[in-house]
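Trainee: As input, take data-v9.pdb (PDB, C-alpha atoms):
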```
ATOM      1  CA  ARG G 246     -15.654  29.533  14.458
ATOM      2  CA  TYR G 247     -19.414  29.245  14.919
ATOM      3  CA  LYS G 248     -20.187  32.946  15.232
ATOM      4  CA  ASP G 249     -22.299  32.949  12.048
ATOM      5  CA  LEU G 250     -24.389  29.885  12.973
ATOM      6  CA  GLY G 251     -26.815  31.582  15.353
ATOM      7  CA  VAL G 252     -25.282  30.269  18.562
ATOM      8  CA  THR G 253     -27.440  30.684  21.650
ATOM      9  CA  ARG G 254     -26.677  30.481  25.344
ATOM     10  CA  GLU G 255     -28.856  28.316  27.556
ATOM     11  CA  ALA G 256     -28.714  26.387  30.811
ATOM     12  CA  HIS G 257     -27.615  22.766  30.840
ATOM     13  CA  ARG G 258     -30.316  20.291  31.833
ATOM     14  CA  ASP G 259     -29.816  18.112  34.857
ATOM     15  CA  HIS G 260     -28.617  14.600  34.154
ATOM     16  CA  GLY G 261     -28.867  11.505  36.301
ATOM     17  CA  PRO G 262     -26.314   8.758  36.911
ATOM     18  CA  ARG G 263     -24.617   7.155  33.914
ATOM     19  CA  GLU G 264     -23.000   3.787  33.306
ATOM     20  CA  PRO G 265     -19.243   3.488  33.886
ATOM     21  CA  VAL G 266     -17.062   4.332  30.884
ATOM     22  CA  HIS G 267     -13.315   3.606  30.769
ATOM     23  CA  GLY G 268     -13.407   2.637  34.446
ATOM     24  CA  VAL G 269     -15.144   5.800  35.693
ATOM     25  CA  SER G 270     -18.453   5.485  37.553
ATOM     26  CA  TRP G 271     -21.001   8.113  36.547
ATOM     27  CA  ALA G 272     -23.112   7.422  39.619
ATOM     28  CA  GLY G 273     -21.108  10.019  41.510
ATOM     29  CA  TYR G 274     -21.578  12.790  38.996
ATOM     30  CA  SER G 275     -23.245  15.951  40.176
ATOM     31  CA  PRO G 276     -26.645  16.772  38.626
ATOM     32  CA  ARG G 277     -26.039  20.489  39.151
ATOM     33  CA  ARG G 278     -26.952  23.000  36.475
ATOM     34  CA  MET G 279     -24.370  25.042  34.646
ATOM     35  CA  ARG G 280     -24.200  27.679  31.935
ATOM     36  CA  CYS G 281     -23.229  26.580  28.437
ATOM     37  CA  PRO G 282     -20.937  28.979  26.573
ATOM     38  CA  LEU G 283     -21.673  27.403  23.171
ATOM     39  CA  ARG G 284     -24.932  25.904  21.880
ATOM     40  CA  LEU G 285     -25.266  25.219  18.140
ATOM     41  CA  PRO G 286     -28.591  25.448  16.267
ATOM     42  CA  GLN G 287     -27.992  22.024  14.720
ATOM     43  CA  ARG G 288     -25.962  18.956  15.599
ATOM     44  CA  LEU G 289     -22.360  18.801  14.457
ATOM     45  CA  GLN G 290     -21.669  15.974  11.976
ATOM     46  CA  ILE G 291     -18.928  13.530  12.996
ATOM     47  CA  ASP G 292     -17.729  10.959  10.451
ATOM     48  CA  LEU G 293     -16.338   7.874  12.232
ATOM     49  CA  LEU G 294     -14.636   6.602   9.072
ATOM     50  CA  ASP G 295     -12.756   9.904   8.793
ATOM     51  CA  PHE G 296     -11.892   9.729  12.510
ATOM     52  CA  PHE G 297     -10.526   6.190  12.166
ATOM     53  CA  ARG G 298      -8.640   7.088   8.977
ATOM     54  CA  THR G 299      -7.135  10.422  10.068
ATOM     55  CA  GLY G 300      -7.588  10.818  13.835
ATOM     56  CA  ARG G 301      -9.593  13.999  13.193
ATOM     57  CA  PHE G 302     -12.654  14.498  15.368
ATOM     58  CA  ASP G 303     -13.942  17.658  13.697
ATOM     59  CA  CYS G 304     -11.645  20.429  15.018
ATOM     60  CA  LEU G 305     -10.447  18.505  18.079
ATOM     61  CA  ARG G 306      -6.765  17.664  18.425
ATOM     62  CA  LEU G 307      -4.990  15.999  21.318
ATOM     63  CA  GLY G 308      -3.164  18.536  23.438
ATOM     64  CA  GLN G 309      -5.795  21.276  23.055
ATOM     65  CA  THR G 310      -6.971  23.115  26.170
ATOM     66  CA  ARG G 311     -10.501  23.076  27.577
ATOM     67  CA  GLU G 312     -10.893  26.787  26.854
ATOM     68  CA  LEU G 313      -9.960  26.397  23.192
ATOM     69  CA  ILE G 314     -12.393  23.489  22.795
ATOM     70  CA  LEU G 315     -15.222  25.368  24.548
ATOM     71  CA  HIS G 316     -14.851  28.189  22.020
ATOM     72  CA  ASN G 317     -14.727  25.899  18.971
ATOM     73  CA  PHE G 318     -16.782  22.794  19.759
ATOM     74  CA  PRO G 319     -20.257  22.092  21.209
ATOM     75  CA  ASP G 320     -20.658  21.960  24.986
ATOM     76  CA  PRO G 321     -20.545  18.575  26.731
ATOM     77  CA  ASP G 322     -23.775  16.907  27.854
ATOM     78  CA  ASP G 323     -22.183  15.750  31.126
ATOM     79  CA  TRP G 324     -18.963  16.351  32.978
ATOM     80  CA  GLY G 325     -17.315  15.004  36.082
ATOM     81  CA  PRO G 326     -16.523  13.196  38.287
ATOM     82  CA  ALA G 327     -18.267  15.311  40.921
ATOM     83  CA  GLY G 328     -15.559  14.778  43.508
ATOM     84  CA  ARG G 329     -12.843  16.115  41.229
ATOM     85  CA  ALA G 330     -14.627  18.927  39.384
ATOM     86  CA  THR G 331     -16.451  22.126  40.279
ATOM     87  CA  GLY G 332     -17.600  22.794  36.713
ATOM     88  CA  VAL G 333     -16.961  22.102  33.054
ATOM     89  CA  SER G 334     -13.853  24.302  33.134
ATOM     90  CA  ASP G 335     -11.960  21.898  35.418
ATOM     91  CA  ALA G 336     -13.738  18.562  34.808
ATOM     92  CA  PRO G 337     -11.371  15.689  33.907
ATOM     93  CA  ILE G 338     -14.011  14.084  31.669
ATOM     94  CA  TRP G 339     -16.551  15.559  29.250
ATOM     95  CA  ARG G 340     -19.234  13.350  27.788
ATOM     96  CA  TYR G 341     -21.121  13.715  24.469
ATOM     97  CA  GLY G 342     -23.752  10.971  24.532
ATOM     98  CA  ASN G 343     -21.469   8.026  25.296
ATOM     99  CA  ILE G 344     -18.330   9.457  23.694
ATOM    100  CA  GLU G 345     -15.821  10.888  26.155
ATOM    101  CA  LEU G 346     -13.080  13.507  26.123
ATOM    102  CA  HIS G 347     -10.463  13.064  28.858
ATOM    103  CA  PHE G 348      -8.335  15.932  30.164
ATOM    104  CA  GLU G 349      -5.210  16.117  32.289
ATOM    105  CA  ALA G 350      -3.355  19.323  33.223
ATOM    106  CA  ASP G 351      -6.000  21.208  31.193
ATOM    107  CA  GLN G 352      -5.074  19.333  27.999
ATOM    108  CA  LEU G 353      -7.148  16.871  25.962
ATOM    109  CA  TRP G 354      -5.293  13.564  26.028
ATOM    110  CA  MET G 355      -7.928  10.981  25.018
ATOM    111  CA  ILE G 356     -11.097  10.598  22.913
ATOM    112  CA  CYS G 357     -12.835   7.279  23.563
ATOM    113  CA  SER G 358     -15.976   5.192  23.873
ATOM    114  CA  ASP G 359     -16.778   1.759  25.326
ATOM    115  CA  TYR G 360     -20.280   1.754  23.807
ATOM    116  CA  VAL G 361     -19.694   0.783  20.177
ATOM    117  CA  ALA G 362     -22.920  -1.277  20.013
ATOM    118  CA  GLU G 363     -25.088   1.726  20.890
ATOM    119  CA  LEU G 364     -22.806   4.609  19.968
ATOM    120  CA  ASP G 365     -24.516   7.948  20.510
ATOM    121  CA  GLY G 366     -23.279  11.524  20.179
ATOM    122  CA  GLY G 367     -25.982  13.012  22.389
ATOM    123  CA  PRO G 368     -27.899  16.185  21.465
ATOM    124  CA  SER G 369     -24.804  17.943  20.072
ATOM    125  CA  LEU G 370     -23.180  15.407  17.733
ATOM    126  CA  ALA G 371     -24.726  13.595  14.758
ATOM    127  CA  LEU G 372     -22.665  10.474  14.032
ATOM    128  CA  ASP G 373     -21.968   8.807  10.698
ATOM    129  CA  ARG G 374     -21.125   5.450  12.309
ATOM    130  CA  TRP G 375     -19.603   3.626   9.318
ATOM    131  CA  ILE G 376     -19.125  -0.036  10.391
ATOM    132  CA  LEU G 377     -20.702   0.723  13.771
ATOM    133  CA  ASP G 378     -24.108   1.461  12.235
ATOM    134  CA  GLY G 379     -26.836  -1.016  13.118
ATOM    135  CA  GLN G 380     -24.852  -4.231  13.546
ATOM    136  CA  GLY G 381     -23.988  -4.270  17.232
ATOM    137  CA  ARG G 382     -20.357  -4.990  18.021
ATOM    138  CA  PRO G 383     -18.725  -5.948  14.694
ATOM    139  CA  LEU G 384     -16.602  -9.087  14.503
ATOM    140  CA  LEU G 385     -12.844  -8.789  14.097
ATOM    141  CA  PRO G 386     -12.881 -10.305  10.550
ATOM    142  CA  VAL G 387     -15.560  -7.780   9.503
ATOM    143  CA  VAL G 388     -13.458  -4.873  10.760
ATOM    144  CA  LEU G 389     -10.296  -6.254   9.124
ATOM    145  CA  GLU G 390     -12.108  -6.518   5.794
ATOM    146  CA  ALA G 391     -13.494  -2.972   6.121
ATOM    147  CA  LEU G 392     -10.059  -1.535   6.942
ATOM    148  CA  SER G 393      -8.552  -3.338   3.969
ATOM    149  CA  ARG G 394     -11.317  -2.059   1.691
ATOM    150  CA  GLU G 395     -10.653   1.519   2.840
ATOM    151  CA  ARG G 396      -6.871   1.018   2.593
ATOM    152  CA  ILE G 397      -6.330   1.941   6.245
ATOM    153  CA  ASP G 398      -3.028   0.580   7.552
ATOM    154  CA  PHE G 399      -2.843  -0.885  11.038
ATOM    155  CA  ALA G 400      -0.693  -2.897  13.429
ATOM    156  CA  LYS G 401      -2.220  -5.877  15.214
ATOM    157  CA  SER G 402      -1.241  -6.943  18.729
ATOM    158  CA  THR G 403      -2.526  -9.757  20.961
ATOM    159  CA  ARG G 404      -2.439  -9.742  24.749
ATOM    160  CA  MET G 405      -2.546 -13.087  26.556
ATOM    161  CA  TYR G 406      -3.796 -13.610  30.117
ATOM    162  CA  PRO G 407      -2.771 -16.310  32.638
ATOM    163  CA  ASP G 408      -6.147 -18.076  32.354
ATOM    164  CA  GLY G 409      -5.749 -18.482  28.593
ATOM    165  CA  ALA G 410      -7.965 -15.567  27.611
ATOM    166  CA  SER G 411      -6.734 -13.010  25.128
ATOM    167  CA  ASP G 412      -7.727  -9.771  23.473
ATOM    168  CA  VAL G 413      -6.656  -8.025  20.288
ATOM    169  CA  THR G 414      -5.867  -4.395  19.534
ATOM    170  CA  LEU G 415      -5.673  -2.884  16.065
ATOM    171  CA  THR G 416      -3.692   0.357  16.141
ATOM    172  CA  LEU G 417      -4.521   2.288  12.993
ATOM    173  CA  SER G 418      -2.060   4.529  11.143
ATOM    174  CA  SER G 419      -4.057   7.501  12.492
ATOM    175  CA  GLY G 420      -3.267   6.481  16.082
ATOM    176  CA  VAL G 421      -6.840   5.327  16.800
ATOM    177  CA  ALA G 422      -6.843   1.992  18.660
ATOM    178  CA  LEU G 423      -9.651  -0.572  18.253
ATOM    179  CA  HIS G 424      -9.984  -3.136  21.055
ATOM    180  CA  PHE G 425     -11.511  -6.606  20.572
ATOM    181  CA  SER G 426     -12.389  -9.437  22.935
ATOM    182  CA  LEU G 427     -14.651 -12.475  23.052
ATOM    183  CA  PRO G 428     -18.244 -11.657  24.021
ATOM    184  CA  SER G 429     -19.170 -12.379  27.635
ATOM    185  CA  GLU G 430     -20.944 -15.648  26.858
ATOM    186  CA  ALA G 431     -17.837 -16.949  25.081
ATOM    187  CA  ASP G 432     -15.635 -15.781  27.949
ATOM    188  CA  LEU G 433     -17.482 -18.269  30.153
ATOM    189  CA  ASP G 434     -16.326 -21.058  27.837
ATOM    190  CA  VAL G 435     -12.823 -21.902  29.046
ATOM    191  CA  ALA G 436     -12.237 -24.170  26.068
ATOM    192  CA  ALA G 437     -13.021 -21.331  23.659
ATOM    193  CA  ARG G 438     -10.536 -19.099  25.435
ATOM    194  CA  HIS G 439      -7.785 -21.687  25.160
ATOM    195  CA  ARG G 440      -8.493 -22.237  21.470
ATOM    196  CA  GLY G 441      -7.710 -18.561  20.974
ATOM    197  CA  ASP G 442     -10.318 -18.249  18.237
ATOM    198  CA  GLN G 443      -9.945 -14.584  17.290
ATOM    199  CA  ASN G 444     -12.618 -14.805  14.583
ATOM    200  CA  GLY G 445     -15.246 -14.712  17.343
ATOM    201  CA  MET G 446     -13.864 -11.548  18.920
ATOM    202  CA  ARG G 447     -15.959  -8.396  18.720
ATOM    203  CA  LEU G 448     -15.067  -4.718  18.864
ATOM    204  CA  THR G 449     -15.541  -3.477  22.433
ATOM    205  CA  SER G 450     -14.084   0.044  22.419
ATOM    206  CA  PHE G 451     -12.053   2.604  20.521
ATOM    207  CA  GLU G 452      -9.719   5.364  21.639
ATOM    208  CA  LEU G 453      -7.304   7.978  20.424
ATOM    209  CA  ARG G 454      -4.806   8.872  23.127
ATOM    210  CA  GLN G 455      -1.463  10.386  23.837
ATOM    211  CA  SER G 456       0.722  10.132  26.929
ATOM    212  CA  ARG G 457      -0.997  11.795  29.862
ATOM    213  CA  PRO G 458       0.431  15.267  30.555
ATOM    214  CA  THR G 459       2.280  15.604  33.832
TER
END
```
Written as structure tokens, that's how I'd like the structure from this file.
Mentor:
Amino acid sequence: RYKDLGVTREAHRDHGPREPVHGVSWAGYSPRRMRCPLRLPQRLQIDLLDFFRTGRFDCLRLGQTRELILHNFPDPDDWGPAGRATGVSDAPIWRYGNIELHFEADQLWMICSDYVAELDGGPSLALDRWILDGQGRPLLPVVLEALSRERIDFAKSTRMYPDGASDVTLTLSSGVALHFSLPSEADLDVAARHRGDQNGMRLTSFELRQSRPT
């Protein structure tokens, strides 16, 4: 797919520990060097509005194998965890900046990020962030208005917790799920939690997933 773009082969740089994403600690990741089978001369453009609307993340589709993705998509910046992987070819998680691809049984089953306030595609991906550009974690009403303006259908669900806290998920027609909760300072306010004021909730993460392969 990229054979006419002047692809070069070069060694991956070492990377240090990263913050946990989707419950995985990056502190245990190996800083070893590895060979990259695909390095593009310029960053690949990813449009977040198109991803939210269609579920397309350039050529990536859920269910694709690692090998297919390695031959058609830029190489990951990081991979791991170290205890479960010997290299990119068997790593359960690939990371592009702070966007992650998750694999099970050699198949891509989730694309996600918990870092919407500082979303970054790393050296390989140039992001058109849409509503995630320069405004931190957008409020739920702001996202609802933007989805309505773009005519993107969604289903809204609310999960309640025993202590009165709640969070909201918007599942878009594309299958992308947007997760919202009260910011940490509001979570300390028990009264605010019991009021259930969803207008103060902010987007915390997004994901596109399918059932994990067995």
Trainee: Under the rule that only C-alpha atoms are counted, which of G:Thr416, G:Thr449, G:Ser426, G:Asn444 is the nearest residue to G:Leu364?
Mentor: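 Ranking G:Thr416, G:Thr449, G:Ser426, G:Asn444 by distance to G:Leu364, first place goes to G:Thr449.
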Trainee: Applying 8 Å and only C-alpha atoms, which residues near stretch 366-376 of chain G remain after dropping the ones on its own chain fewer than 6 positions away? List them as a VMD selection string.
Mentor: chain G and resid 285 287 to 294 319 to 322 341 to 344 383 388 391
Trainee: By how many Å are atom CA of G:Arg311 and atom CA of G:Ser334 apart?
Mentor: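 If I compute the distance from atom CA of G:Arg311 to atom CA of G:Ser334, I get 6.6 Å.
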Trainee: Excluding G:Ala362 and residues on its chain fewer than 5 positions from it, collect all residues at most 8 Å away from it, counting only C-alpha atoms, and give them as number ranges by chain.
Mentor: G: 377, 379-382
Trainee: Evaluated on this file, the PyMOL selection byres ((chain G and resi 350) around 12) picks out some residues - which ones are they, written as a list in words?
Mentor: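 Checking the PyMOL selection byres ((chain G and resi 350) around 12) against this file, the residues are Gly308, Gln309, Thr310, Arg311, Ser334, Asp335, Ala336, Pro337, Ile338, His347, Phe348, Glu349, Asp351, Gln352, Leu353, Trp354, Ser456, Arg457, Pro458 and Thr459 of chain G.
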Trainee: Stretch 393-402 of chain G: which residues within 12 Å, counting all atoms listed in the file, same-chain residues fewer than 3 positions away excluded, as a PyMOL selection string?
Mentor: chain G and resi 294-300+375-376+385-390+405+411-425+443
Trainee: Quick one, how far is atom CA of G:Tyr360 from atom CA of G:Phe451?
Mentor: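 A separation of 8.9 Å between them.
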Trainee: Record the distance separating atom CA of G:Ser450 and atom CA of G:Gly325, expressed in Å with one decimal.
Mentor: 20.5 Å
Trainee: With all atoms of stretch 367-372 of chain G from the file as input, state the centre and edge lengths in Å to one decimal of the axis-aligned box that has 3 Å extra on each side, as AutoDock Vina command-line options.
Mentor:
```
--center_x -25.3 --center_y 14.2 --center_z 18.2 --size_x 11.2 --size_y 13.5 --size_z 14.4
```
